[in-house]
file my_file_5.pdb (PDB, C-alpha atoms)
ATOM      1  CA  MET D   1     -19.631  21.171   9.720
ATOM      2  CA  ARG D   2     -17.403  18.449  11.151
ATOM      3  CA  THR D   3     -16.384  18.376  14.755
ATOM      4  CA  PRO D   4     -12.653  18.375  15.603
ATOM      5  CA  SER D   5     -12.741  14.653  16.442
ATOM      6  CA  GLU D   6     -14.437  13.835  13.104
ATOM      7  CA  SER D   7     -11.811  15.898  11.285
ATOM      8  CA  ASP D   8      -8.996  14.125  13.155
ATOM      9  CA  THR D   9     -10.499  10.734  12.259
ATOM     10  CA  THR D  10     -10.967  11.669   8.595
ATOM     11  CA  ASP D  11      -7.446  13.098   8.358
ATOM     12  CA  GLY D  12      -6.040   9.990  10.037
ATOM     13  CA  VAL D  13      -7.848   7.735   7.576
ATOM     14  CA  LEU D  14      -6.614   9.837   4.647
ATOM     15  CA  ALA D  15      -3.053   9.739   5.958
ATOM     16  CA  GLU D  16      -3.230   5.948   6.309
ATOM     17  CA  GLN D  17      -4.640   5.613   2.786
ATOM     18  CA  LEU D  18      -1.820   7.752   1.406
ATOM     19  CA  LEU D  19       0.768   5.647   3.215
ATOM     20  CA  ARG D  20      -0.774   2.420   1.889
ATOM     21  CA  LEU D  21      -0.834   3.887  -1.619
ATOM     22  CA  THR D  22       2.801   4.954  -1.329
ATOM     23  CA  ARG D  23       3.819   1.423  -0.324
ATOM     24  CA  ARG D  24       1.774  -0.021  -3.201
ATOM     25  CA  LEU D  25       3.339   2.410  -5.672
ATOM     26  CA  HIS D  26       6.803   1.435  -4.457
ATOM     27  CA  ARG D  27       6.063  -2.297  -4.822
ATOM     28  CA  ILE D  28       4.647  -1.872  -8.327
ATOM     29  CA  GLN D  29       7.506   0.365  -9.437
ATOM     30  CA  LYS D  30      10.070  -2.060  -8.031
ATOM     31  CA  ARG D  31       8.426  -4.960  -9.859
ATOM     32  CA  HIS D  32       8.538  -3.067 -13.165
ATOM     33  CA  LEU D  33      12.183  -2.064 -12.646
ATOM     34  CA  GLU D  34      13.483  -5.520 -11.657
ATOM     35  CA  PRO D  35      13.711  -6.796 -15.259
ATOM     36  CA  LEU D  36      15.955  -3.816 -16.019
ATOM     37  CA  GLY D  37      18.296  -4.726 -13.170
ATOM     38  CA  ILE D  38      17.859  -1.362 -11.501
ATOM     39  CA  THR D  39      16.502  -0.191  -8.159
ATOM     40  CA  PRO D  40      14.060   2.705  -7.683
ATOM     41  CA  ALA D  41      16.863   4.755  -6.074
ATOM     42  CA  GLN D  42      19.202   4.097  -9.010
ATOM     43  CA  SER D  43      16.359   5.040 -11.352
ATOM     44  CA  ARG D  44      15.952   8.400  -9.590
ATOM     45  CA  LEU D  45      19.683   9.059  -9.794
ATOM     46  CA  LEU D  46      19.816   8.220 -13.517
ATOM     47  CA  ARG D  47      16.893  10.540 -14.243
ATOM     48  CA  LEU D  48      18.538  13.293 -12.217
ATOM     49  CA  VAL D  49      21.858  12.927 -14.060
ATOM     50  CA  SER D  50      19.981  13.061 -17.378
ATOM     51  CA  HIS D  51      18.530  16.471 -16.453
ATOM     52  CA  TYR D  52      22.070  17.837 -16.339
ATOM     53  CA  GLU D  53      22.932  16.457 -19.794
ATOM     54  CA  ASP D  54      22.580  19.837 -21.536
ATOM     55  CA  GLY D  55      25.047  21.499 -19.157
ATOM     56  CA  GLU D  56      28.045  20.054 -17.438
ATOM     57  CA  PRO D  57      27.614  16.767 -15.584
ATOM     58  CA  PRO D  58      26.642  17.073 -11.911
ATOM     59  CA  ARG D  59      29.034  16.679  -9.017
ATOM     60  CA  MET D  60      28.363  13.957  -6.466
ATOM     61  CA  ALA D  61      27.520  16.696  -3.936
ATOM     62  CA  ASP D  62      24.940  18.153  -6.377
ATOM     63  CA  LEU D  63      23.259  14.761  -6.633
ATOM     64  CA  ALA D  64      23.245  14.241  -2.860
ATOM     65  CA  ALA D  65      21.668  17.658  -2.315
ATOM     66  CA  ARG D  66      18.990  17.137  -4.974
ATOM     67  CA  LEU D  67      18.159  13.638  -3.707
ATOM     68  CA  GLU D  68      18.248  14.888  -0.106
ATOM     69  CA  VAL D  69      20.584  12.096   0.990
ATOM     70  CA  VAL D  70      24.050  11.951   2.495
ATOM     71  CA  PRO D  71      26.921  11.896  -0.019
ATOM     72  CA  ARG D  72      27.827   8.325   0.961
ATOM     73  CA  ALA D  73      24.419   7.147  -0.289
ATOM     74  CA  VAL D  74      25.135   8.707  -3.696
ATOM     75  CA  THR D  75      28.525   7.008  -3.787
ATOM     76  CA  THR D  76      26.853   3.635  -3.299
ATOM     77  CA  LEU D  77      24.280   4.346  -6.027
ATOM     78  CA  VAL D  78      26.949   5.571  -8.448
ATOM     79  CA  ASP D  79      29.109   2.514  -7.695
ATOM     80  CA  GLY D  80      26.251   0.209  -8.721
ATOM     81  CA  LEU D  81      25.395   2.201 -11.832
ATOM     82  CA  GLU D  82      29.048   2.461 -12.826
ATOM     83  CA  ALA D  83      29.524  -1.307 -12.421
ATOM     84  CA  ALA D  84      26.610  -1.764 -14.858
ATOM     85  CA  ASP D  85      28.206   0.783 -17.271
ATOM     86  CA  ARG D  86      25.261   3.174 -16.915
ATOM     87  CA  VAL D  87      27.272   6.139 -15.609
ATOM     88  CA  ARG D  88      30.931   7.057 -15.385
ATOM     89  CA  ARG D  89      32.943   9.271 -13.088
ATOM     90  CA  VAL D  90      34.869  12.025 -14.864
ATOM     91  CA  PRO D  91      37.242  14.594 -13.393
ATOM     92  CA  ASP D  92      36.126  18.212 -13.522
ATOM     93  CA  PRO D  93      38.395  19.970 -16.029
ATOM     94  CA  ALA D  94      38.538  23.100 -13.840
ATOM     95  CA  ASN D  95      39.190  21.285 -10.541
ATOM     96  CA  ARG D  96      40.614  17.769 -10.685
ATOM     97  CA  ARG D  97      39.597  17.114  -7.068
ATOM     98  CA  VAL D  98      35.944  17.327  -8.147
ATOM     99  CA  ILE D  99      34.338  14.271  -9.698
ATOM    100  CA  ARG D 100      31.372  14.626 -12.009
ATOM    101  CA  ILE D 101      28.928  11.935 -13.072
ATOM    102  CA  GLU D 102      27.846  11.489 -16.658
ATOM    103  CA  LEU D 103      25.606   9.029 -18.454
ATOM    104  CA  THR D 104      27.038   6.397 -20.741
ATOM    105  CA  ASP D 105      25.314   5.148 -23.876
ATOM    106  CA  THR D 106      24.092   2.188 -21.811
ATOM    107  CA  GLY D 107      22.711   4.650 -19.256
ATOM    108  CA  ARG D 108      20.810   6.549 -21.941
ATOM    109  CA  ALA D 109      19.368   3.288 -23.294
ATOM    110  CA  THR D 110      18.375   2.312 -19.741
ATOM    111  CA  LEU D 111      16.591   5.655 -19.338
ATOM    112  CA  ARG D 112      14.486   4.940 -22.429
ATOM    113  CA  ARG D 113      13.545   1.546 -20.997
ATOM    114  CA  LEU D 114      12.852   3.160 -17.612
ATOM    115  CA  ARG D 115      10.352   5.554 -19.162
ATOM    116  CA  ASN D 116       8.423   2.586 -20.555
ATOM    117  CA  ALA D 117       8.566   0.751 -17.211
ATOM    118  CA  ARG D 118       7.308   3.838 -15.372
ATOM    119  CA  THR D 119       4.473   4.265 -17.874
ATOM    120  CA  ASP D 120       3.502   0.611 -17.427
ATOM    121  CA  ALA D 121       3.600   0.981 -13.625
ATOM    122  CA  ALA D 122       1.466   4.136 -13.799
ATOM    123  CA  GLU D 123      -1.075   2.408 -16.012
ATOM    124  CA  GLU D 124      -1.271  -0.480 -13.550
ATOM    125  CA  ILE D 125      -1.826   1.772 -10.547
ATOM    126  CA  LEU D 126      -4.312   4.054 -12.328
ATOM    127  CA  ALA D 127      -6.240   1.300 -14.123
ATOM    128  CA  PRO D 128      -9.279   1.459 -11.780
ATOM    129  CA  LEU D 129      -9.789   5.177 -12.470
ATOM    130  CA  THR D 130     -11.712   6.802 -15.304
ATOM    131  CA  ALA D 131     -10.164   9.673 -17.273
ATOM    132  CA  ASP D 132     -12.220  12.160 -15.236
ATOM    133  CA  GLN D 133     -11.102  10.589 -11.955
ATOM    134  CA  ARG D 134      -7.474  10.724 -13.117
ATOM    135  CA  ALA D 135      -7.863  14.436 -13.875
ATOM    136  CA  VAL D 136      -9.319  15.089 -10.412
ATOM    137  CA  LEU D 137      -6.568  13.032  -8.786
ATOM    138  CA  GLY D 138      -3.946  14.969 -10.736
ATOM    139  CA  GLY D 139      -5.354  18.247  -9.446
ATOM    140  CA  LEU D 140      -5.463  17.004  -5.869
ATOM    141  CA  LEU D 141      -1.948  15.598  -5.991
ATOM    142  CA  GLY D 142      -0.710  18.843  -7.523
ATOM    143  CA  ALA D 143      -2.267  20.821  -4.689
ATOM    144  CA  LEU D 144      -0.607  18.569  -2.105
ATOM    145  CA  SER D 145       2.756  18.494  -3.890
ATOM    146  CA  ASP D 146       2.879  22.255  -4.402
ATOM    147  CA  ALA D 147       1.899  23.140  -0.837
ATOM    148  CA  PRO D 148       4.630  25.037   1.010
ATOM    149  CA  ALA D 149       6.772  22.851   3.248
ATOM    150  CA  GLU D 150       6.495  23.371   6.980
ATOM    151  CA  ARG D 151       9.534  25.041   8.439
ATOM    152  CA  ASP D 152       9.323  23.560  11.907
ATOM    153  CA  CYS D 153       8.618  19.837  12.068
ATOM    154  CA  ARG D 154       8.096  19.360  15.797
TER     155      ARG D 154
END

call {"tool": "encode", "arguments": {"input": "my_file_5.pdb", "output": "C-alpha cells"}}
result
Amino acid sequence: MRTPSESDTTDGVLAEQLLRLTRRLHRIQKRHLEPLGITPAQSRLLRLVSHYEDGEPPRMADLAARLEVVPRAVTTLVDGLEAADRVRRVPDPANRRVIRIELTDTGRATLRRLRNARTDAAEEILAPLTADQRAVLGGLLGALSDAPAERDCR
C-alpha cells in the first residue's frame, strides 16, 4: 500500500502528464486544422451546429451554454465562420429578435474535411500505442470523462 506522500507524488506526476498530453493534443489538432483555415474553437462550434441539423438551428445562447463560454465568445466565432461562408445567421420564424445559426453548404463540406483532419490527428497521437493499449486507454479515458463533476471547486 502506498503512503499518502507517495500517492500525492504519483497523482501529481499523472496530473502533469495529462496536462502535457492536453497541450500536445492541442498543438497537433491545430496543425491539422490550419490547412482548412479553421481554429479548434471554430471546429467545435461547427460540429455543435451540425448536431442540431435534424431539428431547428441553435440560438447563439444555446451554443454559448453548450460550449460553456460567454455569448460574446460565440459571436466572435460565428463572425469568423460567417465571413468564410461556413454558417449563416437566420431569424427565428417565431421570434424575430432571436437569431439562429445554420450551416451552409461550405460549412457541411468543411465538416467532412474536419473529420478527416481529426482522424489524422488522432492517428498521429496514438501511433505509439498498440491496439490493446488503445483499448485500455479508451477505457481509462471513459472512466475519467464519465466521472461525476465536483460540485464545490474550492

call {"tool": "resolve_selection", "arguments": {"input": "my_file_5.pdb", "expression": "the PyMOL selection byres ((chain D and resi 117) around 12)", "output": "ChimeraX atom specification"}}
result
/D:28-38,40,43,110-116,118-124

call {"tool": "closest_residue", "arguments": {"input": "my_file_5.pdb", "among": "D:Leu19, D:Val13, D:Leu103, D:Ala94", "to": "Leu45 of chain D", "atoms": "only C-alpha atoms"}}
result
D:Leu103

call {"tool": "atom_distance", "arguments": {"input": "my_file_5.pdb", "atom1": "atom CA of Asp105 of chain D", "atom2": "atom CA of Leu67 of chain D"}}
result
23.0 Å

call {"tool": "residues_around", "arguments": {"input": "my_file_5.pdb", "residues": "Asp85 of chain D", "least_positions_apart": "5", "cutoff": "12 Å", "atoms": "all atoms listed in the file", "output": "number ranges by chain"}}
result
D: 46, 78-80, 101-110

call {"tool": "closest_residue", "arguments": {"input": "my_file_5.pdb", "among": "D:Met60, D:Ala135, D:Leu140, D:Val69", "to": "Arg88 of chain D", "atoms": "all atoms listed in the file"}}
result
D:Met60

call {"tool": "closest_residue", "arguments": {"input": "my_file_5.pdb", "among": "D:Arg134, D:Arg24, D:Arg72, D:Arg86", "to": "Ser50 of chain D", "atoms": "all atoms listed in the file"}}
result
D:Arg86

call {"tool": "atom_distance", "arguments": {"input": "my_file_5.pdb", "atom1": "atom CA of Arg97 of chain D", "atom2": "atom CA of Thr39 of chain D"}}
result
28.9 Å

call {"tool": "atom_distance", "arguments": {"input": "my_file_5.pdb", "atom1": "atom CA of Leu14 of chain D", "atom2": "atom CA of Ala131 of chain D"}}
result
22.2 Å

call {"tool": "resolve_selection", "arguments": {"input": "my_file_5.pdb", "expression": "the PyMOL selection byres ((chain D and resi 90) around 10)", "output": "NGL selection string"}}
result
:D and (57 or 59 or 87-89 or 91-93 or 96 or 98-102)

call {"tool": "closest_residue", "arguments": {"input": "my_file_5.pdb", "among": "D:Ala73, D:Ala65, D:Ile125, D:Leu81", "to": "Arg23 of chain D", "atoms": "only C-alpha atoms"}}
result
D:Ile125

call {"tool": "axis_aligned_box", "arguments": {"input": "my_file_5.pdb", "around": "segment 108-121 of chain D", "padding_each_side": "4 Å", "output": "lines of an AutoDock Vina configuration file"}}
result
center_x = 12.2
center_y = 3.6
center_z = -18.5
size_x = 25.3
size_y = 13.9
size_z = 17.7

call {"tool": "decode", "arguments": {"input": "my_file_5.pdb", "residues": "segment 133-145 of chain D", "atoms": "all heavy atoms", "output": "PDB file, in the first residue's frame"}}
result
ATOM      1  N   GLN D 133      -3.304  -1.461 -26.219  1.00  0.00           N
ATOM      2  CA  GLN D 133      -3.057  -0.273 -25.399  1.00  0.00           C
ATOM      3  C   GLN D 133      -4.114   0.806 -25.672  1.00  0.00           C
ATOM      4  O   GLN D 133      -4.563   1.486 -24.757  1.00  0.00           O
ATOM      5  CB  GLN D 133      -1.662   0.280 -25.668  1.00  0.00           C
ATOM      6  CG  GLN D 133      -0.556  -0.588 -25.107  1.00  0.00           C
ATOM      7  CD  GLN D 133       0.823  -0.132 -25.574  1.00  0.00           C
ATOM      8  OE1 GLN D 133       1.005   0.311 -26.713  1.00  0.00           O
ATOM      9  NE2 GLN D 133       1.795  -0.237 -24.672  1.00  0.00           N
ATOM     10  N   ARG D 134      -4.527   0.928 -26.936  1.00  0.00           N
ATOM     11  CA  ARG D 134      -5.562   1.903 -27.275  1.00  0.00           C
ATOM     12  C   ARG D 134      -6.875   1.540 -26.585  1.00  0.00           C
ATOM     13  O   ARG D 134      -7.589   2.411 -26.108  1.00  0.00           O
ATOM     14  CB  ARG D 134      -5.768   1.971 -28.792  1.00  0.00           C
ATOM     15  CG  ARG D 134      -4.617   2.627 -29.512  1.00  0.00           C
ATOM     16  CD  ARG D 134      -4.838   2.631 -31.003  1.00  0.00           C
ATOM     17  NE  ARG D 134      -3.641   3.085 -31.700  1.00  0.00           N
ATOM     18  CZ  ARG D 134      -3.648   3.643 -32.892  1.00  0.00           C
ATOM     19  NH1 ARG D 134      -4.773   3.799 -33.560  1.00  0.00           N
ATOM     20  NH2 ARG D 134      -2.521   4.025 -33.457  1.00  0.00           N
ATOM     21  N   ALA D 135      -7.185   0.251 -26.534  1.00  0.00           N
ATOM     22  CA  ALA D 135      -8.418  -0.194 -25.878  1.00  0.00           C
ATOM     23  C   ALA D 135      -8.371   0.120 -24.383  1.00  0.00           C
ATOM     24  O   ALA D 135      -9.359   0.608 -23.807  1.00  0.00           O
ATOM     25  CB  ALA D 135      -8.638  -1.687 -26.106  1.00  0.00           C
ATOM     26  N   VAL D 136      -7.233  -0.131 -23.760  1.00  0.00           N
ATOM     27  CA  VAL D 136      -7.079   0.173 -22.328  1.00  0.00           C
ATOM     28  C   VAL D 136      -7.196   1.674 -22.109  1.00  0.00           C
ATOM     29  O   VAL D 136      -7.906   2.130 -21.202  1.00  0.00           O
ATOM     30  CB  VAL D 136      -5.732  -0.373 -21.790  1.00  0.00           C
ATOM     31  CG1 VAL D 136      -5.449   0.165 -20.396  1.00  0.00           C
ATOM     32  CG2 VAL D 136      -5.736  -1.894 -21.800  1.00  0.00           C
ATOM     33  N   LEU D 137      -6.522   2.451 -22.944  1.00  0.00           N
ATOM     34  CA  LEU D 137      -6.582   3.909 -22.820  1.00  0.00           C
ATOM     35  C   LEU D 137      -8.019   4.395 -22.984  1.00  0.00           C
ATOM     36  O   LEU D 137      -8.476   5.254 -22.224  1.00  0.00           O
ATOM     37  CB  LEU D 137      -5.676   4.580 -23.856  1.00  0.00           C
ATOM     38  CG  LEU D 137      -5.684   6.105 -23.860  1.00  0.00           C
ATOM     39  CD1 LEU D 137      -5.198   6.666 -22.528  1.00  0.00           C
ATOM     40  CD2 LEU D 137      -4.839   6.629 -25.022  1.00  0.00           C
ATOM     41  N   GLY D 138      -8.733   3.840 -23.938  1.00  0.00           N
ATOM     42  CA  GLY D 138     -10.133   4.222 -24.134  1.00  0.00           C
ATOM     43  C   GLY D 138     -10.964   3.969 -22.888  1.00  0.00           C
ATOM     44  O   GLY D 138     -11.788   4.810 -22.495  1.00  0.00           O
ATOM     45  N   GLY D 139     -10.750   2.832 -22.247  1.00  0.00           N
ATOM     46  CA  GLY D 139     -11.476   2.531 -21.015  1.00  0.00           C
ATOM     47  C   GLY D 139     -11.120   3.498 -19.901  1.00  0.00           C
ATOM     48  O   GLY D 139     -12.001   3.967 -19.166  1.00  0.00           O
ATOM     49  N   LEU D 140      -9.843   3.792 -19.761  1.00  0.00           N
ATOM     50  CA  LEU D 140      -9.410   4.722 -18.716  1.00  0.00           C
ATOM     51  C   LEU D 140      -9.946   6.133 -18.957  1.00  0.00           C
ATOM     52  O   LEU D 140     -10.435   6.787 -18.029  1.00  0.00           O
ATOM     53  CB  LEU D 140      -7.880   4.750 -18.636  1.00  0.00           C
ATOM     54  CG  LEU D 140      -7.205   3.451 -18.179  1.00  0.00           C
ATOM     55  CD1 LEU D 140      -5.694   3.539 -18.380  1.00  0.00           C
ATOM     56  CD2 LEU D 140      -7.549   3.148 -16.739  1.00  0.00           C
ATOM     57  N   LEU D 141      -9.860   6.586 -20.200  1.00  0.00           N
ATOM     58  CA  LEU D 141     -10.361   7.922 -20.506  1.00  0.00           C
ATOM     59  C   LEU D 141     -11.872   7.987 -20.314  1.00  0.00           C
ATOM     60  O   LEU D 141     -12.399   9.005 -19.840  1.00  0.00           O
ATOM     61  CB  LEU D 141      -9.978   8.328 -21.932  1.00  0.00           C
ATOM     62  CG  LEU D 141      -8.487   8.569 -22.161  1.00  0.00           C
ATOM     63  CD1 LEU D 141      -8.209   8.825 -23.639  1.00  0.00           C
ATOM     64  CD2 LEU D 141      -7.980   9.717 -21.309  1.00  0.00           C
ATOM     65  N   GLY D 142     -12.569   6.922 -20.653  1.00  0.00           N
ATOM     66  CA  GLY D 142     -14.009   6.874 -20.427  1.00  0.00           C
ATOM     67  C   GLY D 142     -14.340   6.990 -18.946  1.00  0.00           C
ATOM     68  O   GLY D 142     -15.255   7.716 -18.557  1.00  0.00           O
ATOM     69  N   ALA D 143     -13.581   6.283 -18.126  1.00  0.00           N
ATOM     70  CA  ALA D 143     -13.816   6.341 -16.679  1.00  0.00           C
ATOM     71  C   ALA D 143     -13.583   7.756 -16.144  1.00  0.00           C
ATOM     72  O   ALA D 143     -14.342   8.248 -15.305  1.00  0.00           O
ATOM     73  CB  ALA D 143     -12.914   5.340 -15.952  1.00  0.00           C
ATOM     74  N   LEU D 144     -12.545   8.419 -16.640  1.00  0.00           N
ATOM     75  CA  LEU D 144     -12.270   9.787 -16.193  1.00  0.00           C
ATOM     76  C   LEU D 144     -13.298  10.769 -16.735  1.00  0.00           C
ATOM     77  O   LEU D 144     -13.742  11.677 -16.029  1.00  0.00           O
ATOM     78  CB  LEU D 144     -10.863  10.219 -16.631  1.00  0.00           C
ATOM     79  CG  LEU D 144      -9.708   9.508 -15.940  1.00  0.00           C
ATOM     80  CD1 LEU D 144      -8.389   9.909 -16.588  1.00  0.00           C
ATOM     81  CD2 LEU D 144      -9.697   9.806 -14.454  1.00  0.00           C
ATOM     82  N   SER D 145     -13.690  10.605 -17.981  1.00  0.00           N
ATOM     83  CA  SER D 145     -14.644  11.525 -18.609  1.00  0.00           C
ATOM     84  C   SER D 145     -16.038  11.395 -18.021  1.00  0.00           C
ATOM     85  O   SER D 145     -16.780  12.373 -17.936  1.00  0.00           O
ATOM     86  CB  SER D 145     -14.736  11.257 -20.115  1.00  0.00           C
ATOM     87  OG  SER D 145     -13.492  11.476 -20.723  1.00  0.00           O
TER      88      SER D 145
END
